[in-house]
>>> print(open('data19.cif').read())   # mmCIF, C-alpha atoms
data_upload
#
loop_
_atom_site.label_atom_id
_atom_site.label_comp_id
_atom_site.auth_asym_id
_atom_site.auth_seq_id
_atom_site.Cartn_x
_atom_site.Cartn_y
_atom_site.Cartn_z
CA MET A 374 128.60 66.36 103.16
CA GLY A 375 129.50 68.65 106.03
CA LEU A 376 127.67 69.00 109.31
CA PHE A 377 126.17 72.39 108.42
CA ASP A 378 125.44 71.75 104.72
CA SER A 379 121.80 70.88 105.37
CA LEU A 380 121.31 74.15 107.26
CA ARG A 381 122.82 76.17 104.43
CA ARG A 382 120.44 74.57 101.89
CA LYS A 383 117.40 75.63 103.92
CA ARG A 384 118.07 79.32 103.38
CA GLY A 385 115.19 80.48 101.30
CA LYS A 386 112.29 82.81 100.92
CA ASP A 387 110.17 81.68 103.90
CA ARG A 388 112.99 81.37 106.36
CA PRO A 389 112.61 83.32 109.63
CA GLY A 390 114.48 86.61 109.48
CA THR A 391 114.02 86.94 105.73
CA LEU A 392 112.00 89.96 104.63
CA ARG A 393 109.06 89.26 102.34
CA GLN A 394 108.73 91.71 99.47
CA ALA A 395 105.50 93.53 98.62
CA ASN A 396 103.37 91.57 96.17
CA LYS A 397 100.22 91.97 94.08
CA GLN A 398 98.00 90.83 96.96
CA ASP A 399 99.35 93.68 99.10
CA THR A 400 98.68 96.24 96.38
CA SER A 401 95.25 94.77 95.62
CA HIS A 402 94.29 95.00 99.29
CA LEU A 403 95.43 98.63 99.47
CA ASP A 404 93.53 99.47 96.27
CA GLU A 405 90.31 97.87 97.44
CA TRP A 406 90.58 99.39 100.91
CA ALA A 407 91.26 102.91 99.59
CA ASN A 408 88.42 102.66 97.07
CA THR A 409 85.86 101.76 99.75
CA ARG A 410 86.74 104.49 102.29
CA THR A 411 86.67 108.27 102.25
CA GLY A 412 89.32 110.76 103.32
CA VAL A 413 92.14 108.22 102.97
CA GLU A 414 95.73 109.29 103.65
CA ALA A 415 98.89 107.18 103.36
CA TYR A 416 101.60 107.03 106.02
CA VAL A 417 104.84 105.34 104.96
CA GLU A 418 106.78 103.39 107.58
CA PRO A 419 110.46 102.93 106.78
CA ARG A 420 112.13 99.57 106.36
CA THR A 421 113.63 98.14 109.54
CA ASN A 422 115.67 95.06 110.40
CA VAL A 423 112.42 93.24 111.10
CA THR A 424 109.97 94.55 108.47
CA ASP A 425 110.12 95.85 104.95
CA THR A 426 108.75 99.27 103.97
CA THR A 427 105.04 99.45 104.77
CA VAL A 428 102.24 101.89 104.13
CA VAL A 429 99.41 102.55 106.56
CA LEU A 430 96.21 103.82 104.97
CA VAL A 431 94.02 105.82 107.35
CA ALA A 432 90.41 106.74 106.55
CA HIS A 433 88.51 109.83 107.72
CA ASP A 434 87.18 108.00 110.82
CA GLY A 435 90.59 106.60 111.83
CA GLU A 436 90.04 103.08 110.48
CA TRP A 437 93.35 101.85 109.10
CA THR A 438 95.16 99.04 107.34
CA ARG A 439 98.85 98.26 106.81
CA ARG A 440 100.59 96.40 104.01
CA ARG A 441 104.07 96.11 102.57
CA ILE A 442 105.08 98.35 99.69
CA ALA A 443 108.24 98.24 97.59
CA ASP A 444 109.68 101.55 98.83
CA PHE A 445 108.85 105.20 99.50
CA ASP A 446 108.75 106.01 95.79
CA ALA A 447 106.20 103.23 95.22
CA ALA A 448 104.07 104.72 98.02
CA LEU A 449 104.28 108.15 96.38
CA GLU A 450 103.20 106.64 93.06
CA PHE A 451 100.35 104.75 94.77
CA GLY A 452 99.14 108.00 96.31
CA ARG A 453 99.57 110.03 93.13
CA LYS A 454 97.49 107.59 91.07
CA ARG A 455 94.69 107.68 93.63
CA GLN A 456 95.00 111.33 94.65
CA ILE A 457 95.84 110.30 98.23
CA PRO A 458 98.27 112.42 100.27
CA VAL A 459 101.39 110.52 101.35
CA TYR A 460 103.32 111.27 104.55
CA GLU A 461 106.43 109.87 106.20
CA VAL A 462 105.54 108.53 109.66
CA ALA A 463 109.05 109.33 110.90
CA ARG A 464 108.42 113.03 110.16
CA VAL A 465 104.76 113.57 110.98
CA GLY A 466 103.73 110.64 113.19
CA TYR A 467 100.36 108.92 113.03
CA PRO A 468 97.14 110.97 112.92
CA LYS A 469 95.18 111.40 116.15
CA ARG A 470 92.07 109.94 114.54
CA MET A 471 93.91 106.64 114.10
CA ARG A 472 94.79 106.49 117.80
CA ASP A 473 91.21 107.47 118.68
CA TYR A 474 89.87 104.69 116.44
CA MET A 475 92.11 102.11 118.13
CA ALA A 476 90.98 103.33 121.56
CA ARG A 477 87.31 102.99 120.51
CA GLN A 478 87.98 99.48 119.21
CA LYS A 479 89.70 98.49 122.43
CA GLU A 480 86.89 99.94 124.49
CA ALA A 481 84.34 98.03 122.43
CA GLY A 482 86.33 94.80 122.86
CA GLY A 483 87.50 94.64 119.24
CA SER A 484 90.98 94.08 117.91
#
>>> encode(input="data19.cif", output="structure tokens")
Amino acid sequence: MGLFDSLRRKRGKDRPGTLRQANKQDTSHLDEWANTRTGVEAYVEPRTNVTDTTVVLVAHDGEWTRRRIADFDAALEFGRKRQIPVYEVARVGYPKRMRDYMARQKEAGGS
């Protein structure tokens, strides 16, 4: 047994630096969230070295949530099934109402 063998065996799914894939809990959260808000739009954030592809759902009042999604095509399909417009954050940025919502939350002492 070599000096680094034990380190090699620890490589696995919950190891720091390993991206977690989107799962059913992520999709369920997005479904429930979208079904309980009005004016929802989806903003897809591309995969980076640190995070997998994510989708930010933004309601009419700027309230938002973020979860992982498999890829851009999965986000398009999610939006198509729910009649939600889907945008690429890299192209259009985040909506002003989202920034306004965060400012209101900060002002009110929320998170």
>>> closest_residue(input="data19.cif", among="A:Val459, A:Ala432, A:Ala443, A:Thr427", to="Val413 of chain A", atoms="all atoms listed in the file")
A:Ala432
>>> atom_distance(input="data19.cif", atom1="atom CA of Glu405 of chain A", atom2="atom CA of Glu480 of chain A")
27.3 Å
>>> resolve_selection(input="data19.cif", expression="the PyMOL selection byres ((chain A and resi 393-401) around 6)", output="list of chain:residue names")
A:Leu392, A:His402, A:Leu403, A:Asp404, A:Arg440, A:Arg441, A:Ile442, A:Ala443
>>> write_last_selection(input="data19.cif", atoms="C-alpha atoms", output="tab-separated table (two decimals), in the coordinates of the input")
chain	number	residue	atom	x	y	z
A	392	LEU	CA	112.00	89.96	104.63
A	402	HIS	CA	94.29	95.00	99.29
A	403	LEU	CA	95.43	98.63	99.47
A	404	ASP	CA	93.53	99.47	96.27
A	440	ARG	CA	100.59	96.40	104.01
A	441	ARG	CA	104.07	96.11	102.57
A	442	ILE	CA	105.08	98.35	99.69
A	443	ALA	CA	108.24	98.24	97.59
>>> atom_distance(input="data19.cif", atom1="atom CA of Tyr416 of chain A", atom2="atom CA of Phe445 of chain A")
9.9 Å
>>> atom_distance(input="data19.cif", atom1="atom CA of Leu430 of chain A", atom2="atom CA of Val417 of chain A")
8.8 Å
>>> residues_around(input="data19.cif", residues="Asp444 of chain A", least_positions_apart="3", cutoff="9 Å", atoms="all atoms listed in the file", output="VMD selection string")
chain A and resid 417 419 to 420 425 to 427 441 447 to 449
>>> residues_around(input="data19.cif", residues="Tyr474 of chain A", least_positions_apart="6", cutoff="8 Å", atoms="only C-alpha atoms", output="PyMOL selection string")
chain A and resi 434-436
>>> closest_residue(input="data19.cif", among="A:Gln478, A:Gln456, A:Arg472, A:Val423", to="Asn408 of chain A", atoms="all atoms listed in the file")
A:Gln456
>>> closest_residue(input="data19.cif", among="A:Ala415, A:Ile457, A:Phe451, A:Asn422", to="Met471 of chain A", atoms="all atoms listed in the file")
A:Ala415
>>> resolve_selection(input="data19.cif", expression="the PyMOL selection byres ((chain A and resi 412) around 8)", output="ChimeraX atom specification")
/A:410-411,413-414,431-433
>>> closest_residue(input="data19.cif", among="A:Thr421, A:Met475, A:Val428, A:Ala407", to="Glu461 of chain A", atoms="only C-alpha atoms")
A:Val428
